[in-house]
Structures are given as structure tokens and as C-alpha cells.
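Step one of this worksheet: look at the structure below.
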Amino acid sequence: MSEKLCVIILAAGLGTRMKSDRAKVLHELNGKSMIEYVVETARTVAGDNVVVVVGHQAEEVKNASGSGIRFALQEEQNGTGHAAMCAVPQVSDGTETIIILCGDVPLLRVETLKKMYEKHLEEKRDATVLAVEFEDSTGYGRIIKDEKGNLVGIVEEADASLEQKRIKTVNSGIYCVYKSFLIDALEKVDSDNAQNEYYLTDIIGIGHAQKKSMGVFESDDADQVVGINSKKDLDEAENLLIGRIKNKS
Ligand code: UD1
Ligand code: MG
């Protein structure tokens, strides 16, 4: 869409909850690995300006991702914030906006991504989070808003209070961010949380505290952002995909 746009795909994790030795993003849906779907989506909006963060089975994940794009190695999986930080040196100089995708969210629709990106530019935001509502939001980061409905942060399941766990609006793991804001905010992310990880989600709270412009883009199509963390999730996503192909939607 623009040469000033770069997509980072986070794909270094093993995916412990998959209970497999294979890197999570190499698992297949309808004969194609998760990472292939995500790279395809990324290329549609950013052409070759794509950086995939690899770690577990790095060579296999690189091969599945294809050629012409760039890769960043995250040697130790210290969290999504750390993964994004590893990608930054590979982001091309002219880049103004970065879209971050998760390698384990393969059903995302390109139209949604384009609409989110347009809205992000239109509102001149520093960060926009793609969110959806799930009847059962277990396992996802919860979107925290103030009484006026402004986005103030994202809280992970492991760190959420009982009240926060009742929130049904969740983080899809997909973001549009202004490059210089991302770099600045990532430097401030720490690992002081229940999982001792550097959470990418913390950039939202950091931005809010700095009075930066943070926003949510909410989609009605929640199925497209199911995150695949277990074999059960994989089966469910495959069924959704097959349904989509049958309905040609
Ligand atoms: C993440 C989000 C959560 C969101 C959910 C959506 C954080 C802290 N949490 O949680 O708010 O609701 O996605 O699906 O970001 N990865 C790396 N390196 C790492 C860790 C992860 O590359 O060190 C990659 C994984 O390979 C995966 C993606 O990042 O593709 C997301 O990681 P995952 O562990 O699945 O995060 P969730 O717990 O699902
Ligand atoms: Mg996940």
C-alpha cells in the first residue's frame, strides 16, 4: 500500500501449549502452514517490506516464509515485546508506520488490516490495536478503557484481576504503530509481570502515560483473529477456514 509501511511478523515461539516439538507457526491448516498465511497477508499490504522474527526452528520457519523478505533472529524467547525489539534493526530506513502481526493468527482478513491502517493514519495515532469481542475471552489480553471509553492499556490473562477477566474485548495481537513511537516505547517495556516476559502489549500503557494518541480498531468478525495456542485451537481454526472457502467469503 505504501513504501513507508513495514510489517513485522512475530513467529519465534515454540508454542509450548501445542505440546509438539515443531515450532508453532509451522503447524498446518488445510495443508498450509500458519506462517505462510500470515506472510501472504503481510505481502499484500507491504510487498517485500516484511520482517519475520524467527527463533524456534529458525531455518524451517524461514523456508516456509519464502524469499525476498527479511528475517530477524530472536535467540531466546523473552516475550512479544522482546521479539518486536529484535525486528527493529531490520526495518527499512524510510518506514513510517509498522504493522505488527502474530504468526499464530492466520485467519486475519486483508480488508480488516487495510481498514485499520487507514483509520490509524486518518486519526494520526501513535498506536492502534485491533480488538474484537469474544463471549469467552479466556487466554487473551483484555482491552482496558477509562470511563470515557479511551484506551488506557492491555492486561494479560495471567496479570488480570477478577474484574478485568470479565472484560470481553480482547487484544488480537495485531497493531499499527508509528515507528518512532514503537522504538521509544519498547525501550521502556520491562519484564515485571506474572510471566517475567517483555510484553509488547505494555507499549499501550506506556503511550497512554505519555499522553500519546492510542486507539482501538474494533472488528465485528471475531473469527478472523482467533489465536492458535493449542491443538484444539488449530482444529477450530481449520474448520473456520474450510467454512470460509465453502462460502467463498
Ligand atoms: C498474545 C498477546 C495477547 C493477545 C494474543 C492474541 C502479548 C504479551 N500478549 O498473547 O494480549 O490477546 O497474543 O492472540 O503480546 N513470540 C515470539 N517471541 C516470543 C514470544 C512470542 O516471536 O518471545 C511470537 C509467537 O511465536 C506467536 C506470537 O508471538 O506467534 C504471540 O505469542 P504467544 O505466546 O502466542 O502470545 P499469547 O499468549 O497468545
Ligand atoms: Mg498466541
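Ligands are numbered from 1 in the order shown, residues from 1 within each chain, and chains are lettered A, B, ... in the order they appear in the C-alpha cells.
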Just list as an NGL selection string whatever in region 100-217 of chain A DSSP marks as helix (DSSP H, G or I). :A and (110-122 or 157-159 or 162-165 or 179-186 or 202-209)
Surroundings of ligand 2 up to 6 Å, based on only C-alpha atoms and all ligand atoms, as an MDAnalysis selection string: chainID A and resid 104 227:229
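Our summary of the geometry notes that CA of Glu118 (chain A) is positioned 25.2 Å from CA of Lys248 (chain A).
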Skip Ala160 (chain A) itself and residues of its chain fewer than 4 positions away, then list as an mmCIF file with C-alpha atoms, in the first residue's frame all residues within 9 Å of it, counting only C-alpha atoms.
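Writing the result to part11.cif gives the following:
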data_model
loop_
_atom_site.group_PDB
_atom_site.id
_atom_site.type_symbol
_atom_site.label_atom_id
_atom_site.label_comp_id
_atom_site.auth_asym_id
_atom_site.auth_seq_id
_atom_site.Cartn_x
_atom_site.Cartn_y
_atom_site.Cartn_z
ATOM 1 C CA GLY A 141 -5.095 -9.879 26.684
ATOM 2 C CA ARG A 142 -8.010 -7.676 27.812
ATOM 3 C CA VAL A 155 -3.759 -6.582 30.624
ATOM 4 C CA GLU A 156 -2.734 -10.191 30.062
ATOM 5 C CA GLN A 164 -10.566 -7.374 34.376
ATOM 6 C CA LYS A 165 -11.040 -11.035 33.482
#
Could you tell me how far CA of Asn63 (chain A) lies from CA of Tyr199 (chain A), in Å and to one decimal?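 Those two atoms sit 27.2 Å apart.
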Using only C-alpha atoms and all ligand atoms, which residues of the polymer chains come no farther than 6 Å from ligand 1? I'd like the answer as a ChimeraX atom specification. /A:10-13,53,77-80,83,102-104,140-141,156,170-173,199-201,227,229
Tell me which of A:Ser161, A:Thr138, A:Gln90, A:Asn193 sits closest to Val226 (chain A), counting only C-alpha atoms.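 Among the listed residues, the smallest separation from Val226 (chain A) belongs to A:Thr138.
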Please, what distance in Å, to one decimal, runs between CA of Ile245 (chain A) and CA of Leu107 (chain A)?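 It comes out at 11.7 Å.
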Taking only C-alpha atoms into account, name the residue in A:Asp21, A:Glu197, A:Glu40, A:Asp126 that is nearest to Cys176 (chain A).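 The closest residue to Cys176 (chain A) is A:Asp126.
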Counting only C-alpha atoms, figure out which residue out of A:Glu163, A:Asp220, A:Glu96, A:Asp48 gets nearest to Leu182 (chain A).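 Among A:Glu163, A:Asp220, A:Glu96, A:Asp48, it is A:Glu96 that comes nearest to Leu182 (chain A).
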Find the residues near Ile35 (chain A): any atom within 10 Å, counting only C-alpha atoms, skip ones fewer than 6 places away on the same chain, and give them as a list in words.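 Residues meeting the cut-off are Ile9, Leu10, Ala11, Lys24, Val25, Leu26, His27, Glu28, Thr41, Val52, Val61, Lys62, Ala64, Ser65, Gly66, Cys102, Gly103, Asp104, Val105 and Pro106 of chain A.
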